[in-house]
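Student: As input, take run_5.csv (CSV, C-alpha atoms):
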chain,number,residue,atom,x,y,z
A,1,MET,CA,-0.5,15.0,-29.1
A,2,GLN,CA,2.6,12.8,-29.1
A,3,THR,CA,2.8,9.6,-31.2
A,4,LEU,CA,3.0,7.4,-28.1
A,5,THR,CA,0.0,9.0,-26.5
A,6,LYS,CA,-2.1,8.5,-29.7
A,7,LEU,CA,-1.1,4.8,-29.8
A,8,LEU,CA,-2.1,4.3,-26.2
A,9,LEU,CA,-5.4,5.9,-26.7
A,10,GLN,CA,-6.0,3.9,-29.9
A,11,GLU,CA,-5.4,0.7,-28.0
A,12,GLY,CA,-7.7,1.8,-25.2
A,13,LEU,CA,-4.9,2.1,-22.6
A,14,THR,CA,-6.6,5.0,-20.8
A,15,ARG,CA,-6.3,3.7,-17.3
A,16,PRO,CA,-4.1,6.1,-15.3
A,17,ILE,CA,-1.1,3.8,-15.1
A,18,VAL,CA,0.6,2.0,-18.0
A,19,SER,CA,3.7,-0.2,-17.9
A,20,ASP,CA,6.8,-0.8,-20.0
A,21,THR,CA,5.2,-4.1,-21.1
A,22,GLN,CA,2.1,-2.5,-22.3
A,23,ILE,CA,4.0,0.2,-24.2
A,24,ALA,CA,6.2,-2.5,-25.8
A,25,ARG,CA,3.0,-4.1,-27.2
A,26,VAL,CA,1.7,-1.0,-28.9
A,27,VAL,CA,5.0,0.4,-30.2
A,28,GLU,CA,6.5,-1.3,-33.2
A,29,GLY,CA,10.3,-1.1,-33.9
A,30,THR,CA,13.3,-1.1,-31.8
A,31,THR,CA,13.8,-0.5,-28.1
A,32,GLN,CA,15.5,2.8,-29.0
A,33,ARG,CA,12.4,3.9,-30.9
A,34,ARG,CA,10.2,3.1,-27.9
A,35,TYR,CA,12.6,5.0,-25.6
A,36,ASN,CA,12.5,8.0,-27.9
A,37,LEU,CA,8.7,8.0,-28.0
A,38,VAL,CA,8.4,7.7,-24.2
A,39,ASN,CA,10.9,10.6,-23.8
A,40,ARG,CA,9.0,12.8,-26.2
A,41,ALA,CA,5.7,12.1,-24.4
A,42,SER,CA,7.3,12.8,-21.1
A,43,LYS,CA,8.8,16.1,-22.3
A,44,ALA,CA,5.4,17.1,-23.6
A,45,GLY,CA,3.8,16.5,-20.2
A,46,GLU,CA,1.6,13.7,-21.5
A,47,LEU,CA,3.4,10.9,-19.6
A,48,HIS,CA,5.2,10.9,-16.3
A,49,SER,CA,7.8,8.2,-15.5
A,50,LEU,CA,7.3,6.3,-12.2
A,51,PRO,CA,9.6,3.8,-10.5
A,52,ARG,CA,9.5,0.1,-11.6
A,53,GLY,CA,8.9,0.7,-15.3
A,54,LEU,CA,5.5,2.4,-14.8
A,55,TYR,CA,4.1,5.6,-16.2
A,56,VAL,CA,1.1,7.8,-15.4
A,57,LEU,CA,-0.9,9.4,-18.2
A,58,SER,CA,-1.7,13.1,-17.7
A,59,LYS,CA,-5.3,14.0,-16.8
A,60,PRO,CA,-6.6,14.8,-20.3
A,61,TYR,CA,-5.7,11.3,-21.5
A,62,ARG,CA,-6.8,9.0,-18.6
A,63,ASP,CA,-10.3,7.8,-17.7
A,64,PHE,CA,-9.9,8.5,-13.9
A,65,ASP,CA,-7.3,9.5,-11.3
A,66,TYR,CA,-5.0,6.8,-9.9
A,67,HIS,CA,-5.2,5.9,-6.2
A,68,PRO,CA,-1.8,5.8,-4.4
A,69,PHE,CA,-2.7,2.5,-2.7
A,70,ALA,CA,-3.3,0.9,-6.2
A,71,LEU,CA,0.0,2.4,-7.4
A,72,ALA,CA,1.8,1.1,-4.4
A,73,GLN,CA,0.8,-2.4,-5.3
A,74,LEU,CA,1.6,-2.0,-8.9
A,75,MET,CA,5.1,-0.9,-8.0
A,76,LEU,CA,5.6,-3.8,-5.7
A,77,PRO,CA,3.1,-6.6,-6.4
A,78,GLY,CA,2.3,-8.8,-3.4
A,79,SER,CA,2.3,-5.9,-0.9
A,80,TYR,CA,-0.6,-4.5,1.0
A,81,VAL,CA,-1.2,-1.1,2.6
A,82,SER,CA,-0.7,-1.1,6.4
A,83,LEU,CA,0.8,0.8,9.3
A,84,GLU,CA,0.0,4.5,9.8
A,85,THR,CA,-1.3,4.7,6.2
A,86,ALA,CA,-4.0,2.2,6.9
A,87,LEU,CA,-4.8,3.5,10.3
A,88,SER,CA,-5.3,7.0,8.9
A,89,TYR,CA,-7.4,5.6,6.1
A,90,HIS,CA,-9.7,3.8,8.6
A,91,GLY,CA,-9.9,6.9,10.8
A,92,TRP,CA,-8.1,5.4,13.7
A,93,ILE,CA,-5.5,8.1,13.9
A,94,PRO,CA,-6.4,11.8,13.3
A,95,GLU,CA,-3.2,12.8,11.5
A,96,ALA,CA,-2.9,12.9,7.8
A,97,VAL,CA,-0.3,10.6,6.4
A,98,TYR,CA,1.8,11.8,3.5
A,99,GLU,CA,3.4,8.6,2.5
A,100,THR,CA,2.0,5.2,1.5
A,101,ALA,CA,3.4,2.5,3.8
A,102,SER,CA,3.0,-1.2,2.9
A,103,ILE,CA,4.0,-4.6,4.2
A,104,VAL,CA,5.8,-7.0,1.8
A,105,PRO,CA,6.4,-10.7,1.9
A,106,THR,CA,10.2,-10.2,1.4
A,107,SER,CA,13.2,-9.7,3.6
A,108,LYS,CA,14.2,-6.3,2.6
A,109,SER,CA,12.8,-2.8,3.0
A,110,VAL,CA,12.3,-0.8,-0.2
A,111,ASN,CA,11.6,3.0,-0.6
A,112,PHE,CA,10.5,4.9,-3.7
A,113,ASP,CA,10.2,8.7,-4.0
A,114,ASP,CA,8.5,10.4,-6.9
A,115,GLU,CA,7.9,14.1,-7.3
A,116,LEU,CA,4.3,13.5,-8.6
A,117,ALA,CA,3.1,10.4,-6.8
A,118,GLY,CA,4.9,10.9,-3.5
A,119,ARG,CA,6.7,8.6,-1.2
A,120,PHE,CA,6.2,4.8,-0.9
A,121,ASN,CA,7.7,2.7,1.8
A,122,TYR,CA,7.7,-1.1,1.9
A,123,HIS,CA,8.5,-3.0,5.1
A,124,PRO,CA,9.0,-6.7,5.7
A,125,THR,CA,7.7,-8.5,8.8
A,126,SER,CA,8.2,-12.1,9.9
A,127,ILE,CA,4.8,-13.8,9.1
A,128,MET,CA,3.8,-17.4,9.5
A,129,LYS,CA,3.6,-19.1,6.1
A,130,GLY,CA,0.1,-19.0,4.6
A,131,HIS,CA,-1.1,-16.1,6.9
A,132,PHE,CA,0.3,-13.1,5.2
A,133,LEU,CA,-3.1,-11.7,4.2
A,134,GLU,CA,-5.1,-12.4,7.4
A,135,LEU,CA,-7.4,-9.4,8.2
A,136,VAL,CA,-6.4,-7.7,5.0
A,137,GLY,CA,-9.3,-6.7,2.8
A,138,ARG,CA,-10.0,-5.6,-0.7
A,139,VAL,CA,-11.0,-2.0,-1.3
A,140,THR,CA,-12.3,-0.7,-4.6
A,141,SER,CA,-12.0,2.9,-5.9
A,142,GLU,CA,-12.8,3.9,-9.4
A,143,HIS,CA,-12.1,0.5,-10.9
A,144,GLN,CA,-8.9,0.1,-8.9
A,145,VAL,CA,-8.7,-2.8,-6.4
A,146,MET,CA,-6.4,-2.4,-3.5
A,147,LEU,CA,-5.4,-4.5,-0.5
A,148,VAL,CA,-5.6,-2.7,2.8
A,149,ALA,CA,-5.0,-4.0,6.3
A,150,SER,CA,-7.9,-3.8,8.8
A,151,PRO,CA,-7.2,-1.3,11.6
A,152,ILE,CA,-6.2,-4.0,14.1
A,153,ARG,CA,-3.9,-5.7,11.6
A,154,ALA,CA,-2.3,-2.4,10.7
A,155,LEU,CA,-1.8,-1.6,14.3
A,156,MET,CA,-0.2,-4.9,15.1
A,157,ASP,CA,2.0,-4.7,12.0
A,158,LEU,CA,3.2,-1.4,13.5
A,159,VAL,CA,3.8,-3.0,16.9
A,160,CYS,CA,5.7,-5.9,15.2
A,161,LEU,CA,7.8,-3.6,13.0
A,162,ARG,CA,8.9,-1.3,15.9
A,163,LYS,CA,9.3,-4.3,18.3
A,164,LEU,CA,7.1,-2.5,20.8
A,165,GLU,CA,6.6,-4.0,24.3
A,166,TRP,CA,3.2,-4.0,26.0
A,167,GLN,CA,2.6,-0.7,27.9
A,168,GLY,CA,-1.2,-0.8,28.5
A,169,LEU,CA,-4.1,0.5,26.6
A,170,GLU,CA,-3.3,4.0,27.6
A,171,TRP,CA,-0.2,3.9,25.4
A,172,PHE,CA,-2.3,3.9,22.2
A,173,GLU,CA,-4.2,7.0,23.1
A,174,ALA,CA,-1.1,8.9,24.5
A,175,ASN,CA,1.3,8.0,21.7
A,176,MET,CA,-0.9,7.4,18.7
A,177,ARG,CA,-4.1,9.3,19.6
A,178,ILE,CA,-6.2,6.2,19.1
A,179,GLU,CA,-9.5,6.6,20.9
A,180,PRO,CA,-10.7,3.8,23.3
A,181,GLU,CA,-13.8,3.6,21.2
A,182,CYS,CA,-11.7,2.3,18.3
A,183,LEU,CA,-10.0,-0.4,20.3
A,184,ALA,CA,-13.4,-1.4,21.7
A,185,LEU,CA,-14.3,-2.5,18.1
A,186,VAL,CA,-11.6,-5.3,18.3
A,187,THR,CA,-13.0,-8.8,18.6
A,188,LYS,CA,-11.8,-11.9,20.3
A,189,GLN,CA,-11.8,-13.7,16.9
A,190,GLN,CA,-9.5,-11.0,15.4
A,191,ILE,CA,-7.0,-11.4,18.3
A,192,ASN,CA,-7.0,-15.2,17.9
A,193,THR,CA,-6.5,-14.8,14.1
A,194,LEU,CA,-3.5,-12.5,14.7
A,195,LYS,CA,-1.9,-15.0,16.9
A,196,THR,CA,-1.6,-17.2,13.8
A,197,VAL,CA,0.1,-14.4,11.9
A,198,TYR,CA,3.2,-13.4,13.7
A,199,LYS,CA,6.3,-15.6,14.3
A,200,GLN,CA,7.8,-13.4,17.0
A,201,LYS,CA,7.4,-14.5,20.7
A,202,HIS,CA,7.0,-10.9,21.8
A,203,MET,CA,4.0,-10.6,19.5
A,204,GLN,CA,2.3,-13.6,21.0
A,205,VAL,CA,2.8,-12.0,24.5
A,206,TYR,CA,1.6,-8.6,23.2
A,207,LEU,CA,-1.6,-10.1,21.8
A,208,CYS,CA,-2.3,-12.0,25.0
A,209,GLU,CA,-1.9,-8.7,27.0
A,210,LEU,CA,-4.1,-6.8,24.6
A,211,LYS,CA,-6.8,-9.5,24.7
A,212,GLU,CA,-6.8,-9.4,28.5
A,213,ALA,CA,-6.9,-5.6,28.6
A,214,LEU,CA,-9.8,-5.5,26.3
A,215,GLN,CA,-11.5,-8.2,28.4
A,216,LEU,CA,-11.9,-10.6,25.5
A,217,ASN,CA,-10.9,-13.7,27.4
I'd like the structure from this file rewritten - as structure tokens, please.
Tutor:
Amino acid sequence: MQTLTKLLLQEGLTRPIVSDTQIARVVEGTTQRRYNLVNRASKAGELHSLPRGLYVLSKPYRDFDYHPFALAQLMLPGSYVSLETALSYHGWIPEAVYETASIVPTSKSVNFDDELAGRFNYHPTSIMKGHFLELVGRVTSEHQVMLVASPIRALMDLVCLRKLEWQGLEWFEANMRIEPECLALVTKQQINTLKTVYKQKHMQVYLCELKEALQLN
């Protein structure tokens, strides 16, 4: 076992993801020494370097497996999982999604690719101030807390991001394979809440059309 791995275990840092800051607290000496210890642990397969100054401990040394949603929010704090990733998670679309897509309260898109953890995409949308986390819930998995959009929030984030125009309820089934039974779960209160979220005029029109089509007026 490498020196850095021993130090992390001694300090109880056995969650799957550790940061540069945590490593700096347990490793005495220079930055170069810390870099050398990280490099040796990585070459030994005990530590894997991730984007944004994060590392994942290999399975023998961590208490549980990391969840990609939790990792997504560690790599870019303030984000929440949405779009096709959240729709697949909630069972609204049948296809498996092989990337973690998130919404961020910034003005730039960001992408991270990692051979172990996979692909992470972050997309900005124009949201009304104070309403960024409307219809976004907390999900817990093995001591990891994640923010995940509700199905209708994830779907409207997708509509907003792609600047889609209203094409009727049939469009959802034909193009995204969303069953009518899923859309029937949407409530009038959710639509009214979403109207407070998006700045774009076309989203206000889209939500009005959706509300009328679902007979929620």
Student: Which residue, A:Val205, A:Gly91, A:Leu50, A:Glu165, has the smallest gap to Glu181 (chain A) when you use only C-alpha atoms?
Tutor: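 Ranked by minimum distance to Glu181 (chain A), first place goes to A:Gly91.
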Student: Would you compute the box with edges along x, y and z of the file around region 106-110 of chain A, including every atom the file lists for it and 6 Å extra on each side, and give its centre and edge lengths in Å to one decimal, as JSON?
Tutor:
{"center_x": 12.2, "center_y": -5.5, "center_z": 1.7, "size_x": 16.0, "size_y": 21.4, "size_z": 15.8}
Student: Taking (6.7, 13.2, -28.5) in the coordinates of the supplied file, I want to know which residues reach to within 6 Å of it, counting all atoms listed in the file; could you give the answer as a PyMOL selection string?
Tutor: chain A and resi 2-3+37+40-41
Student: Using all atoms listed in the file, which residues sit within 10 Å of His202 (chain A) once same-chain residues fewer than 3 positions away are excluded, as a compact mmCIF listing (two decimals) with C-alpha atoms, in the frame of the given file?
Tutor:
# COMPACT_ATOMS: atom_id res chain seq x y z
CA VAL A 159 3.80 -3.00 16.90
CA CYS A 160 5.70 -5.90 15.20
CA LYS A 163 9.30 -4.30 18.30
CA LEU A 164 7.10 -2.50 20.80
CA GLU A 165 6.60 -4.00 24.30
CA TRP A 166 3.20 -4.00 26.00
CA TYR A 198 3.20 -13.40 13.70
CA LYS A 199 6.30 -15.60 14.30
CA VAL A 205 2.80 -12.00 24.50
CA TYR A 206 1.60 -8.60 23.20
CA LEU A 207 -1.60 -10.10 21.80
CA CYS A 208 -2.30 -12.00 25.00
Student: Just to confirm, what's the straight-line distance from CA of Leu214 (chain A) to CA of Ser126 (chain A) in Å (one decimal)?
Tutor: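 Between CA of Leu214 (chain A) and CA of Ser126 (chain A) the gap works out to 25.2 Å.
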Student: Need to verify the contact set: Lys211 (chain A), 7 Å, all atoms listed in the file, exclusion of same-chain residues closer than 5 positions in sequence. Can you return it as a VMD selection string?
Tutor: chain A and resid 191 216 to 217
